[in-house]
file query-v3.tsv (TSV, C-alpha atoms (C1' of nucleotides))
chain	number	residue	atom	x	y	z
J	163	MET	CA	-40.58	-10.86	1.98
J	164	MET	CA	-40.53	-12.04	-1.58
J	165	ALA	CA	-39.51	-11.22	-5.05
J	166	VAL	CA	-41.42	-8.56	-6.93
J	167	GLU	CA	-42.40	-9.69	-10.38
J	168	LEU	CA	-45.00	-8.00	-12.46
J	169	ASP	CA	-46.07	-8.34	-16.04
J	170	ILE	CA	-47.51	-5.28	-17.73
J	171	ARG	CA	-51.09	-6.31	-17.29
J	172	LYS	CA	-50.73	-6.91	-13.58
J	173	ALA	CA	-48.76	-3.72	-13.13
J	174	LEU	CA	-51.61	-1.75	-14.70
J	175	GLU	CA	-54.23	-3.53	-12.65
J	176	LEU	CA	-52.26	-2.73	-9.54
J	177	TRP	CA	-52.28	0.91	-10.50
J	178	ARG	CA	-55.90	0.88	-11.42
J	179	THR	CA	-56.97	-0.59	-8.12
J	180	THR	CA	-54.93	1.86	-6.10
J	181	PHE	CA	-55.89	4.91	-8.15
J	182	VAL	CA	-59.57	4.14	-8.24
J	183	GLU	CA	-59.55	3.51	-4.53
J	184	GLY	CA	-57.72	6.77	-3.96
J	185	VAL	CA	-60.15	8.72	-6.14
J	186	ARG	CA	-63.10	7.15	-4.36
J	187	MET	CA	-61.81	8.04	-0.92
J	188	ALA	CA	-61.43	11.66	-2.03
J	189	GLY	CA	-58.23	12.28	-0.10
J	190	PRO	CA	-56.00	15.39	-0.37
J	191	ASP	CA	-55.91	15.01	-4.18
J	192	LEU	CA	-52.18	15.47	-4.75
J	193	THR	CA	-50.54	16.21	-8.08
J	194	ALA	CA	-48.11	13.73	-9.56
J	195	ARG	CA	-45.36	16.19	-8.77
J	196	GLN	CA	-46.47	16.63	-5.22
J	197	LEU	CA	-46.57	12.90	-4.66
J	198	ALA	CA	-43.18	12.39	-6.29
J	199	LEU	CA	-41.80	15.07	-4.01
J	200	LEU	CA	-43.39	13.59	-0.92
J	201	LEU	CA	-42.12	10.11	-1.70
J	202	THR	CA	-38.63	11.40	-2.41
J	203	VAL	CA	-38.41	13.16	0.93
J	204	TYR	CA	-39.53	10.08	2.77
J	205	LEU	CA	-37.55	7.46	0.89
J	206	ALA	CA	-34.32	9.12	-0.25
J	207	PRO	CA	-31.55	9.91	2.24
J	208	PRO	CA	-31.58	13.43	3.74
J	209	PRO	CA	-30.90	16.29	3.75
J	210	HIS	CA	-33.40	17.56	1.18
J	211	THR	CA	-33.14	21.13	-0.07
J	212	VAL	CA	-35.38	22.95	-2.53
J	213	ARG	CA	-32.57	23.12	-5.04
J	214	GLY	CA	-31.71	19.44	-4.66
J	215	LEU	CA	-35.32	18.36	-5.03
J	216	ALA	CA	-35.71	20.53	-8.11
J	217	ALA	CA	-32.69	18.82	-9.65
J	218	THR	CA	-33.89	15.36	-8.68
J	219	LEU	CA	-37.31	15.88	-10.20
J	220	HIS	CA	-36.15	17.99	-13.17
J	221	VAL	CA	-38.54	20.72	-12.18
J	222	SER	CA	-38.15	24.46	-11.56
J	223	LYS	CA	-37.54	25.82	-8.07
J	224	PRO	CA	-40.82	27.75	-7.91
J	225	ALA	CA	-42.64	24.52	-8.65
J	226	ILE	CA	-40.93	22.92	-5.66
J	227	THR	CA	-41.72	25.90	-3.45
J	228	ARG	CA	-45.38	25.70	-4.40
J	229	ALA	CA	-45.57	21.97	-3.88
J	230	LEU	CA	-43.91	22.50	-0.51
J	231	ASP	CA	-46.46	25.18	0.39
J	232	ARG	CA	-49.24	22.76	-0.33
J	233	LEU	CA	-47.72	19.73	1.37
J	234	SER	CA	-46.69	21.61	4.49
J	235	GLN	CA	-50.13	23.20	4.68
J	236	LEU	CA	-51.50	19.68	4.67
J	237	GLY	CA	-49.06	18.83	7.43
J	238	LEU	CA	-47.40	16.09	5.42
J	239	LEU	CA	-44.01	17.82	5.35
J	240	ARG	CA	-42.14	20.53	7.22
J	241	ARG	CA	-39.66	23.27	6.31
J	242	GLN	CA	-36.64	23.72	8.54
J	243	ARG	CA	-34.12	26.51	8.03
J	244	ASP	CA	-30.49	25.46	7.95
J	245	GLU	CA	-28.92	27.43	10.84
J	246	THR	CA	-25.36	27.01	9.57
J	247	ASP	CA	-26.24	28.48	6.16
J	248	ARG	CA	-29.44	30.39	6.46
J	249	ARG	CA	-30.04	30.45	2.73
J	250	ASN	CA	-30.90	26.77	2.77
J	251	VAL	CA	-34.21	25.21	3.69
J	252	PHE	CA	-34.30	21.58	4.71
J	253	VAL	CA	-37.44	19.61	4.02
J	254	GLU	CA	-38.29	17.13	6.75
J	255	ARG	CA	-40.82	14.46	7.53
J	256	THR	CA	-43.75	14.74	9.89
J	257	ALA	CA	-45.75	12.19	11.82
J	258	LYS	CA	-48.79	12.94	9.68
J	259	GLY	CA	-46.84	12.43	6.48
J	260	THR	CA	-45.51	9.14	7.77
J	261	ALA	CA	-49.01	8.00	8.56
J	262	TYR	CA	-50.26	9.10	5.15
J	263	LEU	CA	-47.59	7.17	3.29
J	264	ASN	CA	-47.97	4.14	5.52
J	265	ASP	CA	-51.62	4.10	4.59
J	266	LEU	CA	-50.87	4.52	0.90
J	267	GLY	CA	-48.21	1.80	0.96
J	268	GLY	CA	-50.59	-0.48	2.78
J	269	ARG	CA	-53.23	0.02	0.11
J	270	ILE	CA	-50.75	-0.73	-2.65
J	271	ALA	CA	-49.52	-3.85	-0.88
J	272	ALA	CA	-53.08	-4.99	-0.30
J	273	ALA	CA	-53.93	-4.45	-3.95
J	274	ALA	CA	-50.85	-6.41	-4.96
J	275	ARG	CA	-51.92	-9.26	-2.73
J	276	VAL	CA	-55.22	-9.58	-4.55
J	277	LEU	CA	-53.56	-10.11	-7.91
T	9	MET	CA	-45.30	-15.11	-14.08
T	10	MET	CA	-44.91	-15.02	-10.33
T	11	ALA	CA	-46.57	-14.07	-7.17
T	12	VAL	CA	-46.90	-10.40	-6.34
T	13	GLU	CA	-45.76	-9.69	-2.85
T	14	LEU	CA	-44.95	-6.27	-1.55
T	15	ASP	CA	-44.21	-4.90	1.85
T	16	ILE	CA	-45.11	-1.27	2.48
T	17	ARG	CA	-41.60	0.00	1.99
T	18	LYS	CA	-41.19	-1.70	-1.36
T	19	ALA	CA	-44.62	-0.62	-2.48
T	20	LEU	CA	-43.72	2.99	-1.82
T	21	GLU	CA	-40.37	2.69	-3.53
T	22	LEU	CA	-42.12	1.25	-6.53
T	23	TRP	CA	-44.39	4.26	-6.62
T	24	ARG	CA	-41.58	6.67	-6.06
T	25	THR	CA	-39.54	5.29	-8.92
T	26	THR	CA	-42.44	5.36	-11.33
T	27	PHE	CA	-43.72	8.78	-10.29
T	28	VAL	CA	-40.34	10.46	-10.33
T	29	GLU	CA	-39.64	8.96	-13.72
T	30	GLY	CA	-43.00	10.14	-14.99
T	31	VAL	CA	-42.47	13.66	-13.66
T	32	ARG	CA	-38.99	13.78	-15.21
T	33	MET	CA	-40.22	12.72	-18.63
T	34	ALA	CA	-42.79	15.51	-18.52
T	35	GLY	CA	-45.55	13.51	-20.19
T	36	PRO	CA	-49.20	14.59	-20.57
T	37	ASP	CA	-49.43	15.31	-16.81
T	38	LEU	CA	-52.71	13.55	-16.06
T	39	THR	CA	-54.77	14.00	-12.94
T	40	ALA	CA	-55.35	11.08	-10.60
T	41	ARG	CA	-58.94	11.07	-11.80
T	42	GLN	CA	-57.97	11.08	-15.43
T	43	LEU	CA	-55.59	8.19	-14.95
T	44	ALA	CA	-58.12	6.23	-12.92
T	45	LEU	CA	-60.62	6.77	-15.72
T	46	LEU	CA	-58.17	5.79	-18.42
T	47	LEU	CA	-57.15	2.61	-16.61
T	48	THR	CA	-60.75	1.67	-15.96
T	49	VAL	CA	-61.67	1.96	-19.62
T	50	TYR	CA	-58.74	-0.18	-20.65
T	51	LEU	CA	-58.93	-2.84	-17.95
T	52	ALA	CA	-62.59	-3.24	-17.04
T	53	PRO	CA	-65.02	-4.98	-19.38
T	54	PRO	CA	-66.96	-2.72	-21.79
T	55	PRO	CA	-69.21	-1.00	-22.52
T	56	HIS	CA	-68.28	2.15	-20.62
T	57	THR	CA	-70.74	5.00	-20.36
T	58	VAL	CA	-70.33	8.37	-18.67
T	59	ARG	CA	-72.88	7.46	-16.07
T	60	GLY	CA	-71.28	4.10	-15.36
T	61	LEU	CA	-67.82	5.58	-15.05
T	62	ALA	CA	-69.13	8.26	-12.72
T	63	ALA	CA	-70.62	5.57	-10.51
T	64	THR	CA	-67.47	3.44	-10.59
T	65	LEU	CA	-65.23	6.32	-9.60
T	66	HIS	CA	-67.71	7.99	-7.21
T	67	VAL	CA	-67.40	11.21	-9.14
T	68	SER	CA	-69.91	13.61	-10.72
T	69	LYS	CA	-70.90	13.30	-14.36
T	70	PRO	CA	-69.48	16.69	-15.36
T	71	ALA	CA	-66.13	15.60	-13.94
T	72	ILE	CA	-66.22	12.56	-16.22
T	73	THR	CA	-67.16	14.69	-19.22
T	74	ARG	CA	-64.24	17.01	-18.57
T	75	ALA	CA	-61.76	14.19	-18.08
T	76	LEU	CA	-63.07	12.70	-21.30
T	77	ASP	CA	-62.57	15.99	-23.11
T	78	ARG	CA	-58.97	16.05	-22.00
T	79	LEU	CA	-58.19	12.39	-22.68
T	80	SER	CA	-59.82	12.35	-26.09
T	81	GLN	CA	-58.06	15.56	-27.01
T	82	LEU	CA	-54.83	13.75	-26.16
T	83	GLY	CA	-56.01	10.88	-28.35
T	84	LEU	CA	-55.86	8.37	-25.51
T	85	LEU	CA	-59.59	7.64	-25.63
T	86	ARG	CA	-62.52	8.04	-27.98
T	87	ARG	CA	-66.22	8.83	-27.66
T	88	GLN	CA	-68.64	6.77	-29.65
T	89	ARG	CA	-72.38	7.49	-29.75
T	90	ASP	CA	-74.62	4.55	-29.08
T	91	GLU	CA	-76.72	4.33	-32.26
T	92	THR	CA	-79.41	2.18	-30.68
T	93	ASP	CA	-79.99	4.72	-27.90
T	94	ARG	CA	-78.56	8.02	-28.94
T	95	ARG	CA	-78.55	9.40	-25.42
T	96	ASN	CA	-75.64	7.14	-24.53
T	97	VAL	CA	-72.00	7.73	-25.21
T	98	PHE	CA	-69.62	4.79	-25.19
T	99	VAL	CA	-66.03	5.38	-24.27
T	100	GLU	CA	-63.59	3.30	-26.26
T	101	ARG	CA	-59.90	2.60	-26.53
T	102	THR	CA	-57.51	3.95	-29.12
T	103	ALA	CA	-54.20	2.72	-30.45
T	104	LYS	CA	-52.45	5.68	-28.89
T	105	GLY	CA	-54.00	4.98	-25.50
T	106	THR	CA	-52.97	1.36	-25.70
T	107	ALA	CA	-49.41	2.40	-26.47
T	108	TYR	CA	-49.43	4.89	-23.62
T	109	LEU	CA	-50.56	2.34	-21.08
T	110	ASN	CA	-48.22	-0.31	-22.40
T	111	ASP	CA	-45.39	2.10	-21.84
T	112	LEU	CA	-46.61	2.98	-18.37
T	113	GLY	CA	-47.07	-0.68	-17.43
T	114	GLY	CA	-43.63	-1.46	-18.76
T	115	ARG	CA	-42.09	1.23	-16.60
T	116	ILE	CA	-43.87	-0.06	-13.52
T	117	ALA	CA	-42.80	-3.63	-14.24
T	118	ALA	CA	-39.23	-2.49	-14.81
T	119	ALA	CA	-39.24	-0.57	-11.55
T	120	ALA	CA	-40.58	-3.62	-9.76
T	121	ARG	CA	-37.81	-5.74	-11.19
T	122	VAL	CA	-35.15	-3.49	-9.68
T	123	LEU	CA	-36.48	-3.95	-6.15
Z	162	DC	C1'	-16.00	46.28	2.90
Z	163	DT	C1'	-17.92	45.70	-1.10
Z	164	DA	C1'	-19.37	43.10	-5.30
Z	165	DA	C1'	-20.73	38.75	-7.09
Z	166	DA	C1'	-22.97	34.54	-6.50
Z	167	DT	C1'	-26.37	31.55	-4.47
Z	168	DT	C1'	-30.72	30.18	-2.23
Z	169	DG	C1'	-35.56	30.06	-1.71
Z	170	DA	C1'	-39.70	32.99	-2.32
Z	171	DT	C1'	-42.78	36.00	-4.92
Z	172	DT	C1'	-45.21	38.13	-8.76
Z	173	DC	C1'	-47.36	37.95	-13.24
Z	174	DG	C1'	-50.47	36.37	-16.84
Z	175	DG	C1'	-52.49	32.37	-18.35
Z	176	DT	C1'	-54.49	27.47	-18.27
Z	177	DA	C1'	-57.12	23.70	-16.26
Z	178	DG	C1'	-59.57	21.58	-12.84
Z	179	DC	C1'	-63.66	21.56	-9.45
Z	180	DG	C1'	-68.99	21.24	-7.69
Z	181	DA	C1'	-73.62	22.82	-8.38
Z	182	DA	C1'	-77.10	24.03	-11.25
Z	183	DA	C1'	-79.31	24.45	-15.56
Z	184	DC	C1'	-79.87	22.81	-20.43
Z	185	DG	C1'	-81.02	20.29	-24.84
Z	186	DG	C1'	-81.50	15.99	-27.14
Z	187	DC	C1'	-83.50	11.50	-26.88
Z	188	DT	C1'	-86.69	7.60	-25.37
Z	189	DC	C1'	-90.65	5.60	-23.69
Z	190	DA	C1'	-95.09	4.99	-21.19
Z	191	DC	C1'	-99.47	6.49	-21.58
I	105	DG	C1'	-98.54	12.82	-29.76
I	106	DT	C1'	-97.23	14.48	-25.27
I	107	DG	C1'	-95.23	14.64	-20.91
I	108	DA	C1'	-91.95	12.63	-17.71
I	109	DG	C1'	-87.55	11.00	-17.18
I	110	DC	C1'	-82.84	9.80	-18.49
I	111	DC	C1'	-78.30	10.96	-20.61
I	112	DG	C1'	-74.34	13.69	-21.50
I	113	DT	C1'	-72.99	18.55	-21.87
I	114	DT	C1'	-72.56	23.37	-20.72
I	115	DT	C1'	-72.33	27.34	-17.77
I	116	DC	C1'	-70.98	29.77	-13.62
I	117	DG	C1'	-67.86	31.31	-10.05
I	118	DC	C1'	-63.93	29.64	-7.89
I	119	DT	C1'	-59.44	27.51	-6.62
I	120	DA	C1'	-54.92	25.64	-7.78
I	121	DC	C1'	-51.17	24.98	-10.69
I	122	DC	C1'	-47.86	26.31	-14.43
I	123	DG	C1'	-43.24	28.79	-16.47
I	124	DA	C1'	-40.60	32.99	-16.68
I	125	DA	C1'	-38.85	36.76	-14.63
I	126	DT	C1'	-37.70	39.12	-10.58
I	127	DC	C1'	-36.71	39.73	-5.63
I	128	DA	C1'	-34.73	39.76	-0.80
I	129	DA	C1'	-31.69	37.51	2.25
I	130	DT	C1'	-27.41	35.42	2.92
I	131	DT	C1'	-22.77	33.92	2.00
I	132	DT	C1'	-18.41	34.24	-0.16
I	133	DA	C1'	-14.55	36.16	-3.06
I	134	DG	C1'	-11.50	39.88	-3.85
call {"tool": "encode", "arguments": {"input": "query-v3.tsv", "output": "structure tokens"}}
result
Amino acid sequence: MMAVELDIRKALELWRTTFVEGVRMAGPDLTARQLALLLTVYLAPPPHTVRGLAATLHVSKPAITRALDRLSQLGLLRRQRDETDRRNVFVERTAKGTAYLNDLGGRIAAAARVL
Amino acid sequence: MMAVELDIRKALELWRTTFVEGVRMAGPDLTARQLALLLTVYLAPPPHTVRGLAATLHVSKPAITRALDRLSQLGLLRRQRDETDRRNVFVERTAKGTAYLNDLGGRIAAAARVL
DNA sequence: CTAAATTGATTCGGTAGCGAAACGGCTCAC
DNA sequence: GTGAGCCGTTTCGCTACCGAATCAATTTAG
């Protein structure tokens, strides 16, 4: 697979296509924060804790907890208590979340192909 | 400028980078709808009316009005009454909106370059 | 064994978004 | 001129998110 080169105009058109498509399909309607969190869990190396995610995203812990409530309610993510230190909560992937992001990535890639 | 080719993994990493960066910078915090609207006004050929935008985005007219309230309050967009048919409202670009999207596009392009 | 520190969750008051329905200004056919 | 129809806006009741402060559970230091 090839180099990724984008000028500003094409970058914006890529975003426009994907966003408009997403808005049209009326999916789960995630916040920017929620999507950033979801993508981080799926793309960055584990383990992911609430505290770590808060630091990564420069966001308060309650904000992470709330985003986690929402995303796990949607089945896109899962909480898992750390049994060796029960204060920690690990955030883990789910099959549904994988499918969701595969779909999203596919739409982005398809939009990029059209440019 | 070159071809745009993206596999799913790279597409998602591109989004992750840009979203996490955006969340960190704590910008205006726009909704998916608001951003889709903003991008449409700047990238699709004018004129843009409320009704037309609602049809393009498959969204109700009041939703467009509200997004317009927000975006014009932020100075990223401007309403302009159609003087030949005063029922219409045209949505137009602003210098601030242009700067905002240039910045966004630049960040996307930069993120793409790192892949 | 107890006191301090750490982790994630909860509460509080406030802001902003949503869909559905109703509204007022404007145009145009008759 | 008047009535029908179109356009964008407003209202209503509701849901979801925000930051700040606080909390309960757990671990660790002394």
call {"tool": "calpha_fit_and_write", "arguments": {"input": "query-v3.tsv", "fixed": "chain J", "moving": "chain T", "output": "PDB file with C-alpha atoms, keeping the file's coordinate frame"}}
result
ATOM      1  CA  MET T   9     -40.561 -11.001   1.848  1.00  0.00           C
ATOM      2  CA  MET T  10     -40.585 -12.196  -1.729  1.00  0.00           C
ATOM      3  CA  ALA T  11     -39.558 -11.350  -5.174  1.00  0.00           C
ATOM      4  CA  VAL T  12     -41.437  -8.628  -6.998  1.00  0.00           C
ATOM      5  CA  GLU T  13     -42.453  -9.740 -10.421  1.00  0.00           C
ATOM      6  CA  LEU T  14     -45.042  -8.021 -12.515  1.00  0.00           C
ATOM      7  CA  ASP T  15     -46.148  -8.372 -16.070  1.00  0.00           C
ATOM      8  CA  ILE T  16     -47.569  -5.282 -17.748  1.00  0.00           C
ATOM      9  CA  ARG T  17     -51.160  -6.311 -17.280  1.00  0.00           C
ATOM     10  CA  LYS T  18     -50.762  -6.913 -13.571  1.00  0.00           C
ATOM     11  CA  ALA T  19     -48.798  -3.730 -13.127  1.00  0.00           C
ATOM     12  CA  LEU T  20     -51.631  -1.748 -14.652  1.00  0.00           C
ATOM     13  CA  GLU T  21     -54.258  -3.522 -12.606  1.00  0.00           C
ATOM     14  CA  LEU T  22     -52.274  -2.725  -9.513  1.00  0.00           C
ATOM     15  CA  TRP T  23     -52.301   0.924 -10.467  1.00  0.00           C
ATOM     16  CA  ARG T  24     -55.931   0.883 -11.383  1.00  0.00           C
ATOM     17  CA  THR T  25     -56.972  -0.596  -8.070  1.00  0.00           C
ATOM     18  CA  THR T  26     -54.935   1.864  -6.065  1.00  0.00           C
ATOM     19  CA  PHE T  27     -55.892   4.914  -8.115  1.00  0.00           C
ATOM     20  CA  VAL T  28     -59.587   4.147  -8.203  1.00  0.00           C
ATOM     21  CA  GLU T  29     -59.543   3.531  -4.481  1.00  0.00           C
ATOM     22  CA  GLY T  30     -57.709   6.788  -3.914  1.00  0.00           C
ATOM     23  CA  VAL T  31     -60.133   8.742  -6.092  1.00  0.00           C
ATOM     24  CA  ARG T  32     -63.102   7.160  -4.301  1.00  0.00           C
ATOM     25  CA  MET T  33     -61.797   8.044  -0.858  1.00  0.00           C
ATOM     26  CA  ALA T  34     -61.436  11.654  -1.973  1.00  0.00           C
ATOM     27  CA  GLY T  35     -58.194  12.276  -0.100  1.00  0.00           C
ATOM     28  CA  PRO T  36     -55.989  15.389  -0.386  1.00  0.00           C
ATOM     29  CA  ASP T  37     -55.901  15.036  -4.204  1.00  0.00           C
ATOM     30  CA  LEU T  38     -52.173  15.488  -4.765  1.00  0.00           C
ATOM     31  CA  THR T  39     -50.531  16.211  -8.076  1.00  0.00           C
ATOM     32  CA  ALA T  40     -48.097  13.731  -9.580  1.00  0.00           C
ATOM     33  CA  ARG T  41     -45.356  16.215  -8.779  1.00  0.00           C
ATOM     34  CA  GLN T  42     -46.459  16.633  -5.211  1.00  0.00           C
ATOM     35  CA  LEU T  43     -46.556  12.902  -4.653  1.00  0.00           C
ATOM     36  CA  ALA T  44     -43.185  12.401  -6.312  1.00  0.00           C
ATOM     37  CA  LEU T  45     -41.784  15.079  -4.022  1.00  0.00           C
ATOM     38  CA  LEU T  46     -43.377  13.609  -0.931  1.00  0.00           C
ATOM     39  CA  LEU T  47     -42.102  10.114  -1.701  1.00  0.00           C
ATOM     40  CA  THR T  48     -38.624  11.401  -2.419  1.00  0.00           C
ATOM     41  CA  VAL T  49     -38.401  13.176   0.916  1.00  0.00           C
ATOM     42  CA  TYR T  50     -39.523  10.089   2.770  1.00  0.00           C
ATOM     43  CA  LEU T  51     -37.523   7.470   0.889  1.00  0.00           C
ATOM     44  CA  ALA T  52     -34.300   9.126  -0.231  1.00  0.00           C
ATOM     45  CA  PRO T  53     -31.536   9.927   2.244  1.00  0.00           C
ATOM     46  CA  PRO T  54     -31.582  13.451   3.748  1.00  0.00           C
ATOM     47  CA  PRO T  55     -30.904  16.296   3.760  1.00  0.00           C
ATOM     48  CA  HIS T  56     -33.371  17.576   1.176  1.00  0.00           C
ATOM     49  CA  THR T  57     -33.119  21.123  -0.087  1.00  0.00           C
ATOM     50  CA  VAL T  58     -35.326  22.938  -2.581  1.00  0.00           C
ATOM     51  CA  ARG T  59     -32.522  23.080  -5.072  1.00  0.00           C
ATOM     52  CA  GLY T  60     -31.696  19.403  -4.683  1.00  0.00           C
ATOM     53  CA  LEU T  61     -35.302  18.342  -5.044  1.00  0.00           C
ATOM     54  CA  ALA T  62     -35.672  20.502  -8.130  1.00  0.00           C
ATOM     55  CA  ALA T  63     -32.668  18.777  -9.661  1.00  0.00           C
ATOM     56  CA  THR T  64     -33.884  15.305  -8.698  1.00  0.00           C
ATOM     57  CA  LEU T  65     -37.307  15.842 -10.209  1.00  0.00           C
ATOM     58  CA  HIS T  66     -36.135  17.933 -13.194  1.00  0.00           C
ATOM     59  CA  VAL T  67     -38.499  20.689 -12.190  1.00  0.00           C
ATOM     60  CA  SER T  68     -38.103  24.433 -11.575  1.00  0.00           C
ATOM     61  CA  LYS T  69     -37.461  25.795  -8.102  1.00  0.00           C
ATOM     62  CA  PRO T  70     -40.723  27.755  -7.927  1.00  0.00           C
ATOM     63  CA  ALA T  71     -42.589  24.530  -8.663  1.00  0.00           C
ATOM     64  CA  ILE T  72     -40.889  22.930  -5.663  1.00  0.00           C
ATOM     65  CA  THR T  73     -41.702  25.916  -3.461  1.00  0.00           C
ATOM     66  CA  ARG T  74     -45.356  25.717  -4.428  1.00  0.00           C
ATOM     67  CA  ALA T  75     -45.574  21.975  -3.889  1.00  0.00           C
ATOM     68  CA  LEU T  76     -43.928  22.530  -0.529  1.00  0.00           C
ATOM     69  CA  ASP T  77     -46.474  25.191   0.359  1.00  0.00           C
ATOM     70  CA  ARG T  78     -49.261  22.762  -0.369  1.00  0.00           C
ATOM     71  CA  LEU T  79     -47.731  19.735   1.353  1.00  0.00           C
ATOM     72  CA  SER T  80     -46.724  21.622   4.469  1.00  0.00           C
ATOM     73  CA  GLN T  81     -50.139  23.220   4.650  1.00  0.00           C
ATOM     74  CA  LEU T  82     -51.528  19.684   4.644  1.00  0.00           C
ATOM     75  CA  GLY T  83     -49.059  18.844   7.405  1.00  0.00           C
ATOM     76  CA  LEU T  84     -47.406  16.094   5.382  1.00  0.00           C
ATOM     77  CA  LEU T  85     -44.021  17.827   5.331  1.00  0.00           C
ATOM     78  CA  ARG T  86     -42.155  20.537   7.186  1.00  0.00           C
ATOM     79  CA  ARG T  87     -39.672  23.271   6.303  1.00  0.00           C
ATOM     80  CA  GLN T  88     -36.691  23.731   8.532  1.00  0.00           C
ATOM     81  CA  ARG T  89     -34.173  26.551   8.066  1.00  0.00           C
ATOM     82  CA  ASP T  90     -30.563  25.514   8.005  1.00  0.00           C
ATOM     83  CA  GLU T  91     -29.055  27.486  10.904  1.00  0.00           C
ATOM     84  CA  THR T  92     -25.483  27.062   9.712  1.00  0.00           C
ATOM     85  CA  ASP T  93     -26.306  28.554   6.304  1.00  0.00           C
ATOM     86  CA  ARG T  94     -29.525  30.450   6.543  1.00  0.00           C
ATOM     87  CA  ARG T  95     -30.047  30.514   2.799  1.00  0.00           C
ATOM     88  CA  ASN T  96     -30.907  26.822   2.845  1.00  0.00           C
ATOM     89  CA  VAL T  97     -34.208  25.258   3.692  1.00  0.00           C
ATOM     90  CA  PHE T  98     -34.317  21.615   4.704  1.00  0.00           C
ATOM     91  CA  VAL T  99     -37.433  19.641   4.013  1.00  0.00           C
ATOM     92  CA  GLU T 100     -38.290  17.158   6.722  1.00  0.00           C
ATOM     93  CA  ARG T 101     -40.814  14.483   7.531  1.00  0.00           C
ATOM     94  CA  THR T 102     -43.757  14.765   9.878  1.00  0.00           C
ATOM     95  CA  ALA T 103     -45.756  12.213  11.809  1.00  0.00           C
ATOM     96  CA  LYS T 104     -48.788  12.950   9.682  1.00  0.00           C
ATOM     97  CA  GLY T 105     -46.831  12.430   6.475  1.00  0.00           C
ATOM     98  CA  THR T 106     -45.480   9.151   7.750  1.00  0.00           C
ATOM     99  CA  ALA T 107     -48.997   7.996   8.553  1.00  0.00           C
ATOM    100  CA  TYR T 108     -50.227   9.093   5.146  1.00  0.00           C
ATOM    101  CA  LEU T 109     -47.562   7.167   3.296  1.00  0.00           C
ATOM    102  CA  ASN T 110     -47.935   4.132   5.509  1.00  0.00           C
ATOM    103  CA  ASP T 111     -51.581   4.080   4.594  1.00  0.00           C
ATOM    104  CA  LEU T 112     -50.832   4.523   0.914  1.00  0.00           C
ATOM    105  CA  GLY T 113     -48.173   1.799   0.963  1.00  0.00           C
ATOM    106  CA  GLY T 114     -50.548  -0.493   2.784  1.00  0.00           C
ATOM    107  CA  ARG T 115     -53.196   0.003   0.136  1.00  0.00           C
ATOM    108  CA  ILE T 116     -50.729  -0.736  -2.636  1.00  0.00           C
ATOM    109  CA  ALA T 117     -49.486  -3.859  -0.873  1.00  0.00           C
ATOM    110  CA  ALA T 118     -53.054  -4.999  -0.288  1.00  0.00           C
ATOM    111  CA  ALA T 119     -53.910  -4.448  -3.931  1.00  0.00           C
ATOM    112  CA  ALA T 120     -50.845  -6.417  -4.948  1.00  0.00           C
ATOM    113  CA  ARG T 121     -51.889  -9.283  -2.732  1.00  0.00           C
ATOM    114  CA  VAL T 122     -55.218  -9.614  -4.529  1.00  0.00           C
ATOM    115  CA  LEU T 123     -53.567 -10.125  -7.914  1.00  0.00           C
TER     116      LEU T 123
END
call {"tool": "interface_residues", "arguments": {"input": "query-v3.tsv", "of": "chain Z", "to": "chain J", "cutoff": "10 Å", "atoms": "all atoms listed in the file", "output": "compact mmCIF listing (two decimals) with C-alpha atoms (C1' of nucleotides), keeping the file's coordinate frame"}}
result
# COMPACT_ATOMS: atom_id res chain seq x y z
C1' DT Z 167 -26.37 31.55 -4.47
C1' DT Z 168 -30.72 30.18 -2.23
C1' DG Z 169 -35.56 30.06 -1.71
C1' DA Z 170 -39.70 32.99 -2.32
C1' DT Z 171 -42.78 36.00 -4.92
call {"tool": "interface_residues", "arguments": {"input": "query-v3.tsv", "of": "chain I", "to": "chain J", "cutoff": "12 Å", "atoms": "all atoms listed in the file", "output": "MDAnalysis selection string"}}
result
chainID I and resid 120:125 128:132
call {"tool": "interface_residues", "arguments": {"input": "query-v3.tsv", "of": "chain T", "to": "chain J", "cutoff": "9 Å", "atoms": "all atoms listed in the file", "output": "ChimeraX atom specification"}}
result
/T:9-21,23-34,37-41,43-48,51,64-67,109-118,120-123
call {"tool": "atom_distance", "arguments": {"input": "query-v3.tsv", "atom1": "atom CA of T:Thr102", "atom2": "atom CA of T:Arg87"}}
result
10.1 Å
call {"tool": "atom_distance", "arguments": {"input": "query-v3.tsv", "atom1": "atom C1' of Z:DG180", "atom2": "atom C1' of I:DC118"}}
result
9.8 Å
call {"tool": "closest_residue", "arguments": {"input": "query-v3.tsv", "among": "J:Gly214, J:Pro207, J:Gln242, J:Asp231", "to": "J:Glu254", "atoms": "only C-alpha atoms"}}
result
J:Gln242
call {"tool": "atom_distance", "arguments": {"input": "query-v3.tsv", "atom1": "atom CA of J:Glu245", "atom2": "atom C1' of I:DT126"}}
result
25.9 Å
call {"tool": "residues_around", "arguments": {"input": "query-v3.tsv", "residues": "Z:DA183", "least_positions_apart": "5", "cutoff": "12 Å", "atoms": "all atoms listed in the file", "output": "JSON, numbers by chain"}}
result
{"I": [113, 114, 115, 116]}
call {"tool": "residues_near_point", "arguments": {"input": "query-v3.tsv", "point": "(-15.7, 33.5, -7.5)", "cutoff": "10 Å", "atoms": "only C-alpha atoms (C1' of nucleotides)", "output": "PyMOL selection string"}}
result
(chain Z and resi 165-166) or (chain I and resi 132-134)
